[in-house]
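Have a look at the structure below before the remarks.
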Amino acid sequence: DCDKTLNMPVVFSEFGTSSRDPGFNSSYRDTFIKTVYDSILSSAKHGGAGAGSLIWQLFPDGVDYMADG
């Protein structure tokens with residue numbers, strides 16, 4: 001709708017997968033995030049509505065105690 005009807009940019013915010021979901025695995029998470037970023041980049045490159053994104057959470061090793069899934 002933003003692309004064809006509203007002619008406005010879209011920011012995709014707080015997307016990701018939760019490690020608390022049944023069947024979670026990091027391979028699926030990585031594929032999911034890459035798919036979202038590839039779609040946004042393609043949209044931006046072709047003048048589409050995709051304007052940016054905000055990943056839900058990203059923690060380096062050693063700070064797992066801060067994560068909520």
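Chain labels A, B, ... are given in the sequence in which chains occur in the structure tokens; within each chain residues are numbered consecutively from 1, and ligands are likewise numbered from 1 in the order shown.
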
Any idea what's packed within 10 Å of Ser53 (chain A), counting only C-alpha atoms, ignoring anything in its chain fewer than 3 positions away? Could you give it as a list of chain:residue names?
A:Val10, A:Val11, A:Phe12, A:Ser13, A:Glu14, A:Phe15, A:Val36, A:Tyr37, A:Ile40, A:Leu41, A:Gly50, A:Trp56

Write out, as an mmCIF file, in the first residue's frame, the residues just selected, with all heavy atoms.
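Done, and the output landed in again07.cif:
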```cif
data_model
loop_
_atom_site.group_PDB
_atom_site.id
_atom_site.type_symbol
_atom_site.label_atom_id
_atom_site.label_comp_id
_atom_site.auth_asym_id
_atom_site.auth_seq_id
_atom_site.Cartn_x
_atom_site.Cartn_y
_atom_site.Cartn_z
ATOM 1 N N VAL A 10 8.506 3.214 4.023
ATOM 2 C CA VAL A 10 8.177 2.290 5.107
ATOM 3 C C VAL A 10 9.460 1.936 5.852
ATOM 4 O O VAL A 10 10.479 1.646 5.233
ATOM 5 C CB VAL A 10 7.560 0.983 4.566
ATOM 6 C CG1 VAL A 10 7.354 -0.026 5.671
ATOM 7 C CG2 VAL A 10 6.258 1.250 3.867
ATOM 8 N N VAL A 11 9.411 1.981 7.178
ATOM 9 C CA VAL A 11 10.501 1.498 8.013
ATOM 10 C C VAL A 11 9.991 0.240 8.707
ATOM 11 O O VAL A 11 8.971 0.267 9.381
ATOM 12 C CB VAL A 11 10.945 2.553 9.053
ATOM 13 C CG1 VAL A 11 11.976 1.958 9.998
ATOM 14 C CG2 VAL A 11 11.494 3.778 8.369
ATOM 15 N N PHE A 12 10.687 -0.855 8.510
ATOM 16 C CA PHE A 12 10.315 -2.123 9.125
ATOM 17 C C PHE A 12 10.993 -2.181 10.490
ATOM 18 O O PHE A 12 12.217 -2.172 10.570
ATOM 19 C CB PHE A 12 10.760 -3.289 8.239
ATOM 20 C CG PHE A 12 10.072 -3.290 6.907
ATOM 21 C CD1 PHE A 12 10.575 -2.543 5.856
ATOM 22 C CD2 PHE A 12 8.906 -4.012 6.721
ATOM 23 C CE1 PHE A 12 9.931 -2.524 4.628
ATOM 24 C CE2 PHE A 12 8.257 -4.000 5.497
ATOM 25 C CZ PHE A 12 8.773 -3.253 4.450
ATOM 26 N N SER A 13 10.187 -2.228 11.544
ATOM 27 C CA SER A 13 10.784 -2.136 12.877
ATOM 28 C C SER A 13 10.515 -3.378 13.715
ATOM 29 O O SER A 13 9.507 -4.052 13.570
ATOM 30 C CB SER A 13 10.262 -0.897 13.606
ATOM 31 O OG SER A 13 8.875 -1.000 13.828
ATOM 32 N N GLU A 14 11.466 -3.648 14.583
ATOM 33 C CA GLU A 14 11.395 -4.719 15.576
ATOM 34 C C GLU A 14 10.968 -6.054 14.986
ATOM 35 O O GLU A 14 10.007 -6.652 15.409
ATOM 36 C CB GLU A 14 10.507 -4.303 16.736
ATOM 37 C CG GLU A 14 11.099 -3.135 17.502
ATOM 38 C CD GLU A 14 10.466 -2.926 18.859
ATOM 39 O OE1 GLU A 14 9.790 -3.840 19.362
ATOM 40 O OE2 GLU A 14 10.656 -1.851 19.415
ATOM 41 N N PHE A 15 11.724 -6.516 14.003
ATOM 42 C CA PHE A 15 11.473 -7.845 13.459
ATOM 43 C C PHE A 15 12.560 -8.781 13.944
ATOM 44 O O PHE A 15 13.648 -8.363 14.326
ATOM 45 C CB PHE A 15 11.424 -7.814 11.926
ATOM 46 C CG PHE A 15 12.726 -7.430 11.284
ATOM 47 C CD1 PHE A 15 13.654 -8.404 10.958
ATOM 48 C CD2 PHE A 15 13.028 -6.109 11.019
ATOM 49 C CE1 PHE A 15 14.859 -8.060 10.368
ATOM 50 C CE2 PHE A 15 14.228 -5.751 10.424
ATOM 51 C CZ PHE A 15 15.141 -6.735 10.100
ATOM 52 N N VAL A 36 14.609 -10.528 4.993
ATOM 53 C CA VAL A 36 14.024 -9.205 5.240
ATOM 54 C C VAL A 36 14.946 -8.107 4.719
ATOM 55 O O VAL A 36 14.510 -7.212 3.987
ATOM 56 C CB VAL A 36 13.723 -9.000 6.740
ATOM 57 C CG1 VAL A 36 13.299 -7.567 7.018
ATOM 58 C CG2 VAL A 36 12.654 -9.977 7.212
ATOM 59 N N TYR A 37 16.228 -8.168 5.070
ATOM 60 C CA TYR A 37 17.165 -7.136 4.613
ATOM 61 C C TYR A 37 17.309 -7.125 3.097
ATOM 62 O O TYR A 37 17.391 -6.061 2.486
ATOM 63 C CB TYR A 37 18.528 -7.294 5.282
ATOM 64 C CG TYR A 37 18.603 -6.649 6.632
ATOM 65 C CD1 TYR A 37 19.022 -7.361 7.739
ATOM 66 C CD2 TYR A 37 18.252 -5.315 6.807
ATOM 67 C CE1 TYR A 37 19.094 -6.760 8.994
ATOM 68 C CE2 TYR A 37 18.315 -4.708 8.047
ATOM 69 C CZ TYR A 37 18.737 -5.443 9.138
ATOM 70 O OH TYR A 37 18.797 -4.846 10.369
ATOM 71 N N ILE A 40 14.254 -5.324 1.698
ATOM 72 C CA ILE A 40 14.311 -3.876 1.928
ATOM 73 C C ILE A 40 15.335 -3.234 0.994
ATOM 74 O O ILE A 40 15.065 -2.203 0.372
ATOM 75 C CB ILE A 40 14.638 -3.565 3.403
ATOM 76 C CG1 ILE A 40 13.500 -4.042 4.303
ATOM 77 C CG2 ILE A 40 14.886 -2.070 3.592
ATOM 78 C CD1 ILE A 40 13.855 -4.067 5.770
ATOM 79 N N LEU A 41 16.504 -3.853 0.859
ATOM 80 C CA LEU A 41 17.542 -3.325 -0.018
ATOM 81 C C LEU A 41 17.068 -3.298 -1.467
ATOM 82 O O LEU A 41 17.262 -2.301 -2.173
ATOM 83 C CB LEU A 41 18.815 -4.155 0.108
ATOM 84 C CG LEU A 41 19.996 -3.709 -0.751
ATOM 85 C CD1 LEU A 41 20.397 -2.270 -0.423
ATOM 86 C CD2 LEU A 41 21.174 -4.649 -0.563
ATOM 87 N N GLY A 50 10.447 0.631 0.647
ATOM 88 C CA GLY A 50 11.341 0.173 1.709
ATOM 89 C C GLY A 50 12.435 1.194 1.977
ATOM 90 O O GLY A 50 13.243 1.495 1.110
ATOM 91 N N TRP A 56 15.058 -6.327 16.038
ATOM 92 C CA TRP A 56 14.434 -6.380 17.357
ATOM 93 C C TRP A 56 15.484 -6.357 18.450
ATOM 94 O O TRP A 56 15.499 -5.473 19.299
ATOM 95 C CB TRP A 56 13.553 -7.618 17.440
ATOM 96 C CG TRP A 56 12.979 -7.916 18.787
ATOM 97 C CD1 TRP A 56 12.419 -7.021 19.648
ATOM 98 C CD2 TRP A 56 12.897 -9.180 19.406
ATOM 99 N NE1 TRP A 56 11.987 -7.659 20.776
ATOM 100 C CE2 TRP A 56 12.271 -8.992 20.651
ATOM 101 C CE3 TRP A 56 13.281 -10.455 19.041
ATOM 102 C CZ2 TRP A 56 12.017 -10.033 21.521
ATOM 103 C CZ3 TRP A 56 13.026 -11.487 19.914
ATOM 104 C CH2 TRP A 56 12.394 -11.270 21.131
#
```

Could the residues of region 39-67 of chain A that have an atom at most 12 Å from region 16-33 of chain A be listed as JSON lines, each with its closest atom pair and the distance in Å to one decimal, counting only C-alpha atoms and ordered by chain and ascending residue number?
```
{"residue": "A:Ser39", "atom": "CA", "partner": "A:Ile33", "partner_atom": "CA", "distance": 9.9}
{"residue": "A:Ile40", "atom": "CA", "partner": "A:Ile33", "partner_atom": "CA", "distance": 10.7}
{"residue": "A:Ser53", "atom": "CA", "partner": "A:Ile33", "partner_atom": "CA", "distance": 10.6}
{"residue": "A:Leu54", "atom": "CA", "partner": "A:Gly16", "partner_atom": "CA", "distance": 9.6}
{"residue": "A:Ile55", "atom": "CA", "partner": "A:Gly16", "partner_atom": "CA", "distance": 6.5}
{"residue": "A:Trp56", "atom": "CA", "partner": "A:Gly16", "partner_atom": "CA", "distance": 5.7}
{"residue": "A:Gln57", "atom": "CA", "partner": "A:Gly16", "partner_atom": "CA", "distance": 7.6}
{"residue": "A:Leu58", "atom": "CA", "partner": "A:Gly16", "partner_atom": "CA", "distance": 9.4}
{"residue": "A:Asp64", "atom": "CA", "partner": "A:Ser19", "partner_atom": "CA", "distance": 11.0}
{"residue": "A:Ala67", "atom": "CA", "partner": "A:Ser19", "partner_atom": "CA", "distance": 9.5}
```

What is the distance, in Å and to one decimal place, between CA of Lys34 (chain A) and CA of Ala51 (chain A)?
15.9 Å

Residue contacts of Ala49 (chain A) (9 Å, only C-alpha atoms) excluding same-chain residues fewer than 4 positions away, as a PyMOL selection string
chain A and resi 2-4+7-11+40+43-44

Alpha helix (DSSP H) residues, from DSSP on the backbone, in chain A, as a PyMOL selection string:
chain A and resi 26-45

Output as a ChimeraX atom specification all residues of chain A that backbone DSSP marks as strand (DSSP E or B).
/A:10-15,50-55

Put those residues in a file: N, CA, C and O atoms, as a PDB file, in the first residue's frame.
```pdb
ATOM      1  N   VAL A  10       8.506   3.214   4.023  1.00  0.00           N
ATOM      2  CA  VAL A  10       8.177   2.290   5.107  1.00  0.00           C
ATOM      3  C   VAL A  10       9.460   1.936   5.852  1.00  0.00           C
ATOM      4  O   VAL A  10      10.479   1.646   5.233  1.00  0.00           O
ATOM      5  N   VAL A  11       9.411   1.981   7.178  1.00  0.00           N
ATOM      6  CA  VAL A  11      10.501   1.498   8.013  1.00  0.00           C
ATOM      7  C   VAL A  11       9.991   0.240   8.707  1.00  0.00           C
ATOM      8  O   VAL A  11       8.971   0.267   9.381  1.00  0.00           O
ATOM      9  N   PHE A  12      10.687  -0.855   8.510  1.00  0.00           N
ATOM     10  CA  PHE A  12      10.315  -2.123   9.125  1.00  0.00           C
ATOM     11  C   PHE A  12      10.993  -2.181  10.490  1.00  0.00           C
ATOM     12  O   PHE A  12      12.217  -2.172  10.570  1.00  0.00           O
ATOM     13  N   SER A  13      10.187  -2.228  11.544  1.00  0.00           N
ATOM     14  CA  SER A  13      10.784  -2.136  12.877  1.00  0.00           C
ATOM     15  C   SER A  13      10.515  -3.378  13.715  1.00  0.00           C
ATOM     16  O   SER A  13       9.507  -4.052  13.570  1.00  0.00           O
ATOM     17  N   GLU A  14      11.466  -3.648  14.583  1.00  0.00           N
ATOM     18  CA  GLU A  14      11.395  -4.719  15.576  1.00  0.00           C
ATOM     19  C   GLU A  14      10.968  -6.054  14.986  1.00  0.00           C
ATOM     20  O   GLU A  14      10.007  -6.652  15.409  1.00  0.00           O
ATOM     21  N   PHE A  15      11.724  -6.516  14.003  1.00  0.00           N
ATOM     22  CA  PHE A  15      11.473  -7.845  13.459  1.00  0.00           C
ATOM     23  C   PHE A  15      12.560  -8.781  13.944  1.00  0.00           C
ATOM     24  O   PHE A  15      13.648  -8.363  14.326  1.00  0.00           O
ATOM     25  N   GLY A  50      10.447   0.631   0.647  1.00  0.00           N
ATOM     26  CA  GLY A  50      11.341   0.173   1.709  1.00  0.00           C
ATOM     27  C   GLY A  50      12.435   1.194   1.977  1.00  0.00           C
ATOM     28  O   GLY A  50      13.243   1.495   1.110  1.00  0.00           O
ATOM     29  N   ALA A  51      12.431   1.752   3.195  1.00  0.00           N
ATOM     30  CA  ALA A  51      13.348   2.850   3.497  1.00  0.00           C
ATOM     31  C   ALA A  51      14.353   2.520   4.593  1.00  0.00           C
ATOM     32  O   ALA A  51      15.352   3.200   4.724  1.00  0.00           O
ATOM     33  N   GLY A  52      14.084   1.515   5.394  1.00  0.00           N
ATOM     34  CA  GLY A  52      14.994   1.197   6.475  1.00  0.00           C
ATOM     35  C   GLY A  52      14.420   0.130   7.375  1.00  0.00           C
ATOM     36  O   GLY A  52      13.306  -0.329   7.180  1.00  0.00           O
ATOM     37  N   SER A  53      15.209  -0.251   8.382  1.00  0.00           N
ATOM     38  CA  SER A  53      14.767  -1.302   9.292  1.00  0.00           C
ATOM     39  C   SER A  53      15.430  -1.169  10.656  1.00  0.00           C
ATOM     40  O   SER A  53      16.477  -0.549  10.785  1.00  0.00           O
ATOM     41  N   LEU A  54      14.796  -1.761  11.637  1.00  0.00           N
ATOM     42  CA  LEU A  54      15.308  -1.796  13.005  1.00  0.00           C
ATOM     43  C   LEU A  54      15.168  -3.224  13.511  1.00  0.00           C
ATOM     44  O   LEU A  54      14.066  -3.712  13.703  1.00  0.00           O
ATOM     45  N   ILE A  55      16.283  -3.910  13.688  1.00  0.00           N
ATOM     46  CA  ILE A  55      16.229  -5.282  14.179  1.00  0.00           C
ATOM     47  C   ILE A  55      15.738  -5.271  15.626  1.00  0.00           C
ATOM     48  O   ILE A  55      15.960  -4.313  16.366  1.00  0.00           O
TER      49      ILE A  55
END
```
